[in-house]
Structure formats: structure tokens, C-alpha cells
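**Q** Sharing upload.csv, CSV, C-alpha atoms:
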chain,number,residue,atom,x,y,z
A,1,MET,CA,73.4,116.1,107.9
A,2,ALA,CA,76.3,113.6,107.4
A,3,PRO,CA,75.5,110.7,105.0
A,4,ILE,CA,74.5,107.2,106.0
A,5,VAL,CA,77.6,104.9,105.5
A,6,ILE,CA,77.1,101.3,104.3
A,7,LEU,CA,80.5,99.6,105.0
A,8,ILE,CA,81.1,96.4,103.1
A,9,ARG,CA,84.0,93.9,103.2
A,10,HIS,CA,85.1,92.4,99.9
A,11,GLY,CA,84.2,88.8,99.0
A,12,GLU,CA,86.5,85.8,99.4
A,13,ALA,CA,89.8,86.3,97.5
A,14,GLU,CA,92.5,83.9,96.4
A,15,HIS,CA,94.9,84.7,99.2
A,16,ASN,CA,92.1,83.9,101.8
A,17,LEU,CA,92.1,80.2,100.8
A,18,GLU,CA,95.4,79.3,102.3
A,19,ASN,CA,96.4,82.5,104.0
A,20,ASN,CA,98.9,83.2,101.2
A,21,TRP,CA,99.9,86.7,101.9
A,22,GLU,CA,102.6,86.6,99.2
A,23,LEU,CA,100.0,86.5,96.4
A,24,PRO,CA,100.1,89.9,94.6
A,25,ASP,CA,96.8,91.9,94.5
A,26,PRO,CA,94.7,88.7,94.4
A,27,SER,CA,91.3,88.4,92.6
A,28,LEU,CA,88.1,87.1,94.0
A,29,THR,CA,87.5,83.3,94.0
A,30,GLU,CA,84.5,81.8,92.4
A,31,LYS,CA,83.0,81.6,95.9
A,32,GLY,CA,83.8,85.3,96.4
A,33,ILE,CA,82.0,86.2,93.1
A,34,GLU,CA,78.9,84.2,94.3
A,35,GLN,CA,79.1,86.0,97.6
A,36,ALA,CA,79.1,89.4,95.9
A,37,LYS,CA,76.1,88.3,93.8
A,38,ALA,CA,74.2,87.3,96.9
A,39,LEU,CA,75.1,90.7,98.4
A,40,ALA,CA,73.5,92.4,95.4
A,41,ALA,CA,70.3,90.4,95.9
A,42,GLU,CA,70.0,91.4,99.6
A,43,LEU,CA,71.0,95.0,99.2
A,44,GLU,CA,68.9,95.8,96.2
A,45,ALA,CA,65.6,94.6,97.7
A,46,ASP,CA,65.3,97.4,100.2
A,47,PHE,CA,67.7,100.1,99.0
A,48,PRO,CA,65.9,103.4,99.7
A,49,PHE,CA,68.2,106.0,98.0
A,50,THR,CA,68.1,107.4,94.5
A,51,LYS,CA,71.1,107.6,92.2
A,52,ASP,CA,71.5,111.3,93.0
A,53,GLU,CA,71.6,110.6,96.7
A,54,CYS,CA,74.3,108.0,96.6
A,55,ARG,CA,77.9,107.4,95.8
A,56,ILE,CA,80.1,104.2,95.8
A,57,VAL,CA,83.6,104.5,97.2
A,58,VAL,CA,86.1,101.6,96.8
A,59,SER,CA,89.6,100.5,97.6
A,60,PRO,CA,91.8,100.3,94.5
A,61,LEU,CA,92.7,96.6,95.1
A,62,ARG,CA,91.3,94.0,92.7
A,63,ARG,CA,89.2,92.1,95.2
A,64,THR,CA,87.3,95.2,96.2
A,65,LEU,CA,86.9,96.4,92.7
A,66,GLN,CA,85.5,93.0,91.7
A,67,THR,CA,83.1,93.1,94.6
A,68,VAL,CA,81.7,96.3,93.2
A,69,GLN,CA,81.6,94.7,89.8
A,70,HIS,CA,79.6,91.7,90.9
A,71,GLY,CA,77.8,93.1,94.0
A,72,LEU,CA,76.9,96.7,93.2
A,73,GLN,CA,76.4,96.6,89.4
A,74,TRP,CA,72.7,97.2,90.0
A,75,LEU,CA,73.6,100.6,91.5
A,76,ARG,CA,76.0,101.4,88.7
A,77,ASP,CA,73.2,100.6,86.2
A,78,ARG,CA,71.1,103.2,87.9
A,79,GLY,CA,73.9,105.8,87.4
A,80,VAL,CA,75.5,105.8,90.8
A,81,PRO,CA,79.1,106.9,90.4
A,82,VAL,CA,82.1,104.8,91.7
A,83,GLU,CA,85.1,106.7,93.1
A,84,VAL,CA,88.3,104.8,93.7
A,85,ARG,CA,90.1,106.1,96.8
A,86,ALA,CA,93.4,105.1,98.3
A,87,GLU,CA,92.5,105.6,101.9
A,88,TRP,CA,90.3,102.5,101.8
A,89,GLN,CA,93.1,100.1,100.8
A,90,GLU,CA,94.2,97.3,103.2
A,91,THR,CA,96.8,98.0,105.9
A,92,THR,CA,99.8,95.7,105.6
A,93,ASN,CA,102.6,95.9,103.1
A,94,ASN,CA,102.3,92.2,102.2
A,95,PRO,CA,102.1,91.6,98.5
A,96,CYS,CA,98.4,90.6,98.8
A,97,ASP,CA,97.7,94.1,100.2
A,98,VAL,CA,99.7,96.1,97.7
A,99,GLY,CA,97.8,97.1,94.7
A,100,ASP,CA,98.8,97.0,91.0
A,101,GLU,CA,99.9,100.2,89.2
A,102,PRO,CA,97.0,102.6,88.6
A,103,SER,CA,97.6,102.5,84.8
A,104,VAL,CA,96.9,98.8,84.9
A,105,ILE,CA,93.8,98.9,87.0
A,106,GLN,CA,92.4,101.9,85.1
A,107,ASN,CA,92.6,99.8,81.9
A,108,GLU,CA,90.7,97.0,83.6
A,109,TRP,CA,88.0,99.3,84.9
A,110,PRO,CA,87.9,102.3,82.5
A,111,ASP,CA,84.4,103.4,83.6
A,112,LEU,CA,85.3,104.0,87.2
A,113,ASP,CA,86.5,107.4,88.5
A,114,PHE,CA,90.2,107.3,89.4
A,115,SER,CA,90.5,111.1,89.3
A,116,THR,CA,90.9,111.5,93.1
A,117,LEU,CA,93.2,108.5,93.6
A,118,ASP,CA,96.2,109.7,95.6
A,119,PRO,CA,99.2,109.8,93.1
A,120,VAL,CA,101.4,108.0,95.7
A,121,TYR,CA,99.4,104.9,95.3
A,122,PRO,CA,100.3,102.0,95.4
A,123,GLN,CA,103.3,103.0,97.6
A,124,LYS,CA,102.9,102.3,101.3
A,125,ILE,CA,104.2,105.7,102.4
A,126,GLY,CA,102.9,108.6,104.5
A,127,LEU,CA,99.2,108.1,105.2
A,128,TYR,CA,99.4,104.6,103.9
A,129,GLU,CA,102.5,103.2,105.7
A,130,ALA,CA,102.1,100.0,107.7
A,131,SER,CA,102.1,101.4,111.2
A,132,GLU,CA,99.3,101.7,113.8
A,133,LYS,CA,99.8,105.4,114.0
A,134,ALA,CA,99.3,105.8,110.2
A,135,PHE,CA,96.3,103.4,110.3
A,136,LEU,CA,94.5,105.5,112.8
A,137,LYS,CA,95.4,108.8,111.1
A,138,ARG,CA,94.0,107.3,107.8
A,139,ALA,CA,90.8,106.2,109.6
A,140,ASP,CA,90.3,109.8,110.9
A,141,PHE,CA,91.0,111.2,107.4
A,142,ALA,CA,88.4,108.8,105.9
A,143,LYS,CA,85.8,109.7,108.5
A,144,ARG,CA,86.2,113.4,107.9
A,145,TRP,CA,86.0,112.9,104.1
A,146,LEU,CA,82.7,111.0,104.5
A,147,PHE,CA,81.3,113.5,107.0
A,148,GLU,CA,81.8,116.4,104.6
A,149,ARG,CA,80.2,114.6,101.6
A,150,PRO,CA,76.8,116.1,100.3
A,151,GLU,CA,75.3,112.7,99.4
A,152,LYS,CA,72.7,111.0,101.7
A,153,CYS,CA,74.4,107.6,101.4
A,154,ILE,CA,77.9,106.5,100.7
A,155,VAL,CA,78.5,102.8,100.0
A,156,VAL,CA,82.1,101.8,100.9
A,157,VAL,CA,83.8,98.6,99.8
A,158,THR,CA,87.0,98.0,101.8
A,159,HIS,CA,89.0,95.5,103.9
A,160,SER,CA,88.8,93.9,107.3
A,161,GLY,CA,92.1,95.2,108.5
A,162,PHE,CA,91.3,98.8,107.8
A,163,VAL,CA,87.7,98.4,109.1
A,164,ARG,CA,89.1,97.4,112.5
A,165,ARG,CA,90.8,100.8,112.7
A,166,PHE,CA,87.8,102.6,111.3
A,167,VAL,CA,85.1,101.4,113.6
A,168,GLU,CA,84.8,99.2,116.7
A,169,GLY,CA,83.0,95.9,116.6
A,170,PRO,CA,83.4,92.3,115.6
A,171,LYS,CA,85.5,91.4,112.6
A,172,TYR,CA,83.6,91.6,109.3
A,173,LEU,CA,82.9,88.4,107.4
A,174,HIS,CA,83.3,88.3,103.6
A,175,VAL,CA,80.7,90.6,102.0
A,176,GLU,CA,79.3,91.4,105.4
A,177,TYR,CA,77.9,95.0,105.6
A,178,ARG,CA,76.9,97.3,108.4
A,179,THR,CA,75.1,100.6,108.2
A,180,TYR,CA,76.3,103.6,110.3
A,181,GLN,CA,75.4,107.2,110.9
A,182,LEU,CA,78.3,109.6,111.4
A,183,ALA,CA,78.0,112.2,114.1
A,184,GLU,CA,80.4,114.7,115.7
A,185,ASP,CA,80.8,115.1,119.4
A,186,PRO,CA,83.5,116.6,121.6
A,187,LYS,CA,85.7,113.5,121.2
A,188,GLY,CA,85.5,113.8,117.4
A,189,LEU,CA,83.6,111.9,114.7
A,190,GLN,CA,81.8,108.8,115.9
A,191,LEU,CA,80.0,106.0,114.0
A,192,LYS,CA,76.7,104.8,115.3
A,193,GLU,CA,75.7,101.4,114.0
A,194,LEU,CA,72.2,101.4,112.6
A,195,ALA,CA,71.9,97.9,111.1
A,196,ARG,CA,73.7,94.8,110.0
A,197,ASP,CA,73.1,92.4,107.2
A,198,ARG,CA,71.0,89.3,108.1
A,199,ALA,CA,73.8,86.8,107.5
A,200,SER,CA,76.2,88.4,110.0
A,201,LEU,CA,73.4,88.6,112.6
A,202,ASP,CA,72.6,84.9,112.1
A,203,LYS,CA,76.2,84.0,112.9
A,204,GLU,CA,76.4,85.8,116.3
Is it possible to express this structure as C-alpha cells?
**A**
Amino acid sequence: MAPIVILIRHGEAEHNLENNWELPDPSLTEKGIEQAKALAAELEADFPFTKDECRIVVSPLRRTLQTVQHGLQWLRDRGVPVEVRAEWQETTNNPCDVGDEPSVIQNEWPDLDFSTLDPVYPQKIGLYEASEKAFLKRADFAKRWLFERPEKCIVVVTHSGFVRRFVEGPKYLHVEYRTYQLAEDPKGLQLKELARDRASLDKE
């Protein structure tokens, strides 16, 4: 059976404050760090999976890596692996959505698994080019990768722009998460929403 997918948007980052898309690979704000810590408190309370049943997958951009650092450290402390994958990066080629060089980010997070990071990263070419056709192709690639994983649960930390191409539904708020079950039908892989975090439900 395909894994349960917990899809999380990163916390507030520096470029979100004034919509400054020219800021290169921005970090979380102090508010974003606090949002990630609140996410940890909510998720940890009822998390049903063991370390051997779970994997964290994260975009290589700083704001998503920092969201893992502050929001999912409790899972890392249990021994859950963190895999950095390029298909979960943001969509545009604005400086805020282009990541730093892998050698730089690996030095900042030496305990994360960069072994499967696409060697073309951070170039916005091929699967990662800024076009709607590429976005949808990348979303299909990400769904298939998730569907074929052996774990019972995959926690994904990514970006709102890519999420819009990955699954239908309202725009994600910062550190909002939703839980899905992947299933295959004649139309392809589909995501069935199982649950949302309480904060996002309160805002509807």
C-alpha cells in the first residue's frame, strides 16, 4: 500500500515580509521559526508512526530545511531519516526560489542525506524549468516516487507554488499541513485528503 503523505508548507521567510522576490534563498524569519516550533508541538502529540515506518523529504531551499530543523527535530531525534530532493523546490526562477549551491547547503546541514539530490540543482532546467508544463511533469514525477516508497508515512516539506501543481485545494498557509492517501485509478495517481491541521480548519 502506498504511504500516507503529510504535506507541509515552510514557515514565514524573509521574502514573504514585503514580497521581495529578489532576495536570494531567504531564511525563516523569527516568526517563521516560532511557527515551525508550534508545528512540532501539534504534530508530535498524535504522531502514530515509528522511526522505521517514516521518512522526511524536503526541498533544498533554506526556508524548508530550517522548517525541518525547527519543526521536525523531534522526528530526527527518533532516528527518522531526512532526504533532500530537488523535485520539491519552488517553481519560479526568481532569486528567492533558486537555491544555494549544494556544497554550501551540505556544509550547513551535514547530517542530512543529499545523496539523491539531482546533480543539475540549483539550475532551473529540464524537470525544474519555470514553465507550467514542467511544473505538472515534476508533480507527476513526485507522486510516482512517493507511491513507490516502502515506508508507511512520508513527511514532505515544500512550497506553496509547487503544492498548487501537486494537489488541488486552497492555498497552504505557512506551516499548514494536510494528510493524504495516494491511490492509483485509470486517470493516474490521485491524492485523497484525509485530514488538515486545526489551524487551517479554523481559518476556513
**Q** Using all atoms listed in the file, which of A:Glu44, A:Glu53, A:Glu90, A:Glu176 sits nearest Lys124 of chain A?
**A**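 So, comparing all the options, the nearest one is A:Glu90.
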**Q** Do you know which residues are at most 8 Å from Thr64 of chain A counting only C-alpha atoms, after dropping those on the same chain fewer than 2 positions away, and could you put them as an MDAnalysis selection string?
**A** chainID A and resid 9:11 58:62 66:68 157:159
**Q** Taking 6 positions as the minimum chain separation for residues in the same chain, which residues sit within 12 Å of Arg85 of chain A when counting only C-alpha atoms? Answer as a PyMOL selection string.
**A** chain A and resi 56-61+64-65+102+112-122+128+138+141-142+145-146+156-158
**Q** Which one of A:His15, A:Arg196, A:Arg76, A:Arg55 sits closest to Tyr177 of chain A if you count all atoms listed in the file?
**A**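 Smallest separation from Tyr177 of chain A among the options: A:Arg196.
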**Q** My list of candidates is A:Tyr172, A:Phe49, A:Phe147, A:Trp21. Which is closest to Gln190 of chain A when distances are computed with all atoms listed in the file?
**A**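 Closest to Gln190 of chain A, using all atoms listed in the file: A:Phe147.
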**Q** Given the point (75.1, 100.7, 108.6) in the coordinates of this file, which residues lie within 6 Å, counting all atoms listed in the file, and how would they look as a VMD selection string?
**A** chain A and resid 5 to 6 178 to 180 193 to 195
**Q** Could you work out how far atom CA of Ser103 of chain A lies from atom CA of Asn20 of chain A, giving the answer in Å with one decimal?
**A** 25.4 Å
**Q** Any idea what's packed within 8 Å of Thr92 of chain A, counting all atoms listed in the file, ignoring anything in its chain fewer than 4 positions away? Could you give it as an MDAnalysis selection string?
**A** chainID A and resid 97:98 129:130
**Q** Between A:Glu12, A:Glu168, A:Asp25, A:Glu151, which has the minimum distance to Asn93 of chain A (counting all atoms listed in the file)?
**A**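 Smallest separation from Asn93 of chain A among the options: A:Asp25.
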**Q** What is the distance between atom CA of Pro26 of chain A and atom CA of Ala13 of chain A, in Å to one decimal?
**A**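 That distance, rounded to one decimal, is 6.3 Å.
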**Q** So, counting all atoms listed in the file, which residue among A:Ile8, A:Ile154, A:Met1, A:Leu191 is closest to Asp52 of chain A?
**A**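 Among the listed residues, A:Ile154 lies closest to Asp52 of chain A.
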**Q** Enter the distance from atom CA of Phe166 of chain A to atom CA of Gln123 of chain A, in Å, rounded to one decimal.
**A**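 Atom CA of Phe166 of chain A sits 20.7 Å away from atom CA of Gln123 of chain A.
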**Q** Taking into account only C-alpha atoms, which residue in the set A:Asn94, A:Gln89, A:Gln35, A:Asn107 is nearest to His70 of chain A?
**A**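 Of A:Asn94, A:Gln89, A:Gln35, A:Asn107, the one nearest His70 of chain A, counting only C-alpha atoms, is A:Gln35.
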**Q** Show me, as lines of an AutoDock Vina configuration file, the centre and edge lengths in Å to one decimal of the axis-aligned box that covers every listed atom of segment 68-81 of chain A with 3 Å on each side.
**A**
center_x = 76.4
center_y = 99.3
center_z = 90.1
size_x = 16.6
size_y = 21.2
size_z = 13.8
